[in-house]
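Worksheet for the structure shown next.
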Amino acid sequence: MRETGNPIEVCVRGETVAYLMPSIQATGVTRSQANVELARTLESDGITVSSWGRKFSTVPEVGRCAAPIGGENSVESIRSEKKW
C-alpha cells in the first residue's frame with residue numbers, strides 16, 4: 001500500500017468485508033478531496049453518505065464500573081461455581 005497507494009481488500013471466507021486505505025497524510029490529498037472520492041466509490045456500490053463524522057476536540061472521561069460497597073464480587077462467585 002505504501003508503494004502503490006492502492007487499497008488492500010480484506011476478505012472473510014471469500015467475501016469482502018473491508019478495504020484498508022492509505023492515510024490522508026501519506027497520499028497528500030486533503031480531507032475534503034478524500035471524502036469526495038470515498039463518496040463516489042461508496043455510491044458506485046449503492047451506499048449514500050448523508051453526513052460525515054467529525055473528530056471531537058476532547059475525549060470524554062469514562063468512569064470505572066465498580067461493585068456496590070460490601071456487595072458480592074461477581075467474578076469470584078462465578079469462579080467458585082466452576083469445577084476447575
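Each chain of the C-alpha cells is named A, B, ... in the order shown, its residues numbered from 1; ligands are numbered from 1 in display order.
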TODO: Report the residues of chain A whose backbone DSSP state falls under strand (DSSP E or B), written as a PyMOL selection string.
DONE: chain A and resi 8-12+15-20
TODO: Tell me which protein, DNA and RNA residues are within 10 Å of Thr4 of chain A, counting only C-alpha atoms, leaving out same-chain ones fewer than 3 positions away, and put them as a PyMOL selection string.
DONE: chain A and resi 1+7+22
Task: For atom CA of Val29 of chain A and atom CA of Val17 of chain A, the interatomic separation in Å (one decimal) - done: 24.7 Å
Open item on the list: as a ChimeraX atom specification, please: every residue in segment 3-71 of chain A that DSSP puts in alpha helix (DSSP H).
Closed with: /A:24-27,31-44
Hey, can you spit out that residue selection with N, CA and C atoms as an mmCIF file, in the first residue's frame?
data_model
loop_
_atom_site.group_PDB
_atom_site.id
_atom_site.type_symbol
_atom_site.label_atom_id
_atom_site.label_comp_id
_atom_site.auth_asym_id
_atom_site.auth_seq_id
_atom_site.Cartn_x
_atom_site.Cartn_y
_atom_site.Cartn_z
ATOM 1 N N ILE A 24 -4.542 9.808 4.809
ATOM 2 C CA ILE A 24 -4.593 11.040 4.024
ATOM 3 C C ILE A 24 -3.229 11.708 3.980
ATOM 4 N N GLN A 25 -2.493 11.660 5.105
ATOM 5 C CA GLN A 25 -1.168 12.273 5.137
ATOM 6 C C GLN A 25 -0.230 11.610 4.135
ATOM 7 N N ALA A 26 -0.332 10.298 3.986
ATOM 8 C CA ALA A 26 0.559 9.559 3.090
ATOM 9 C C ALA A 26 0.262 9.851 1.620
ATOM 10 N N THR A 27 -0.977 10.184 1.304
ATOM 11 C CA THR A 27 -1.344 10.404 -0.093
ATOM 12 C C THR A 27 -1.186 11.852 -0.524
ATOM 13 N N ARG A 31 -8.546 16.309 3.151
ATOM 14 C CA ARG A 31 -9.666 15.521 3.675
ATOM 15 C C ARG A 31 -10.914 15.684 2.809
ATOM 16 N N SER A 32 -11.204 16.893 2.343
ATOM 17 C CA SER A 32 -12.401 17.097 1.523
ATOM 18 C C SER A 32 -12.278 16.356 0.188
ATOM 19 N N GLN A 33 -11.069 16.340 -0.401
ATOM 20 C CA GLN A 33 -10.873 15.579 -1.639
ATOM 21 C C GLN A 33 -11.056 14.086 -1.387
ATOM 22 N N ALA A 34 -10.539 13.614 -0.247
ATOM 23 C CA ALA A 34 -10.675 12.196 0.092
ATOM 24 C C ALA A 34 -12.137 11.847 0.313
ATOM 25 N N ASN A 35 -12.902 12.743 0.967
ATOM 26 C CA ASN A 35 -14.323 12.490 1.205
ATOM 27 C C ASN A 35 -15.094 12.409 -0.106
ATOM 28 N N VAL A 36 -14.785 13.279 -1.045
ATOM 29 C CA VAL A 36 -15.459 13.259 -2.348
ATOM 30 C C VAL A 36 -15.161 11.952 -3.068
ATOM 31 N N GLU A 37 -13.892 11.554 -3.045
ATOM 32 C CA GLU A 37 -13.506 10.309 -3.708
ATOM 33 C C GLU A 37 -14.155 9.096 -3.034
ATOM 34 N N LEU A 38 -14.169 9.097 -1.707
ATOM 35 C CA LEU A 38 -14.783 7.991 -0.979
ATOM 36 C C LEU A 38 -16.282 7.949 -1.234
ATOM 37 N N ALA A 39 -16.943 9.106 -1.233
ATOM 38 C CA ALA A 39 -18.382 9.153 -1.500
ATOM 39 C C ALA A 39 -18.685 8.606 -2.890
ATOM 40 N N ARG A 40 -17.865 8.956 -3.869
ATOM 41 C CA ARG A 40 -18.051 8.460 -5.236
ATOM 42 C C ARG A 40 -17.926 6.934 -5.268
ATOM 43 N N THR A 41 -16.915 6.410 -4.573
ATOM 44 C CA THR A 41 -16.707 4.959 -4.539
ATOM 45 C C THR A 41 -17.874 4.258 -3.857
ATOM 46 N N LEU A 42 -18.321 4.800 -2.711
ATOM 47 C CA LEU A 42 -19.437 4.193 -1.989
ATOM 48 C C LEU A 42 -20.721 4.239 -2.795
ATOM 49 N N GLU A 43 -20.984 5.372 -3.458
ATOM 50 C CA GLU A 43 -22.200 5.486 -4.262
ATOM 51 C C GLU A 43 -22.206 4.507 -5.423
ATOM 52 N N SER A 44 -21.031 4.198 -5.971
ATOM 53 C CA SER A 44 -20.964 3.211 -7.052
ATOM 54 C C SER A 44 -21.339 1.818 -6.541
#
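Counting only C-alpha atoms, the residue from A:Val49, A:Ala18, A:Val75, A:Gly28 that sits nearest to Gly5 of chain A is A:Gly28.
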Task: For atom CA of Arg64 of chain A and atom CA of Glu76 of chain A, the interatomic separation in Å (one decimal) - done: 18.6 Å
TODO: Please identify all polymer residues within 7 Å of Tyr19 of chain A, counting only C-alpha atoms, omitting same-chain residues fewer than 4 positions from it, and present them as a list in words.
DONE: Pro7, Ile8, Glu9 and Val10 of chain A
Could you write out the selected residues, including C-alpha atoms, as a PDB file, in the first residue's frame?
ATOM      1  CA  PRO A   7      -6.157  -0.071  -1.099  1.00  0.00           C
ATOM      2  CA  ILE A   8      -5.983  -3.588   0.317  1.00  0.00           C
ATOM      3  CA  GLU A   9      -9.156  -5.666   0.146  1.00  0.00           C
ATOM      4  CA  VAL A  10      -9.927  -7.629   3.329  1.00  0.00           C
TER       5      VAL A  10
END
Task: Between atom CA of Leu20 of chain A and atom CA of Lys55 of chain A, distance in Å (one decimal) - done: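 Computing the Euclidean distance for atom CA of Leu20 of chain A and atom CA of Lys55 of chain A yields 19.7 Å.
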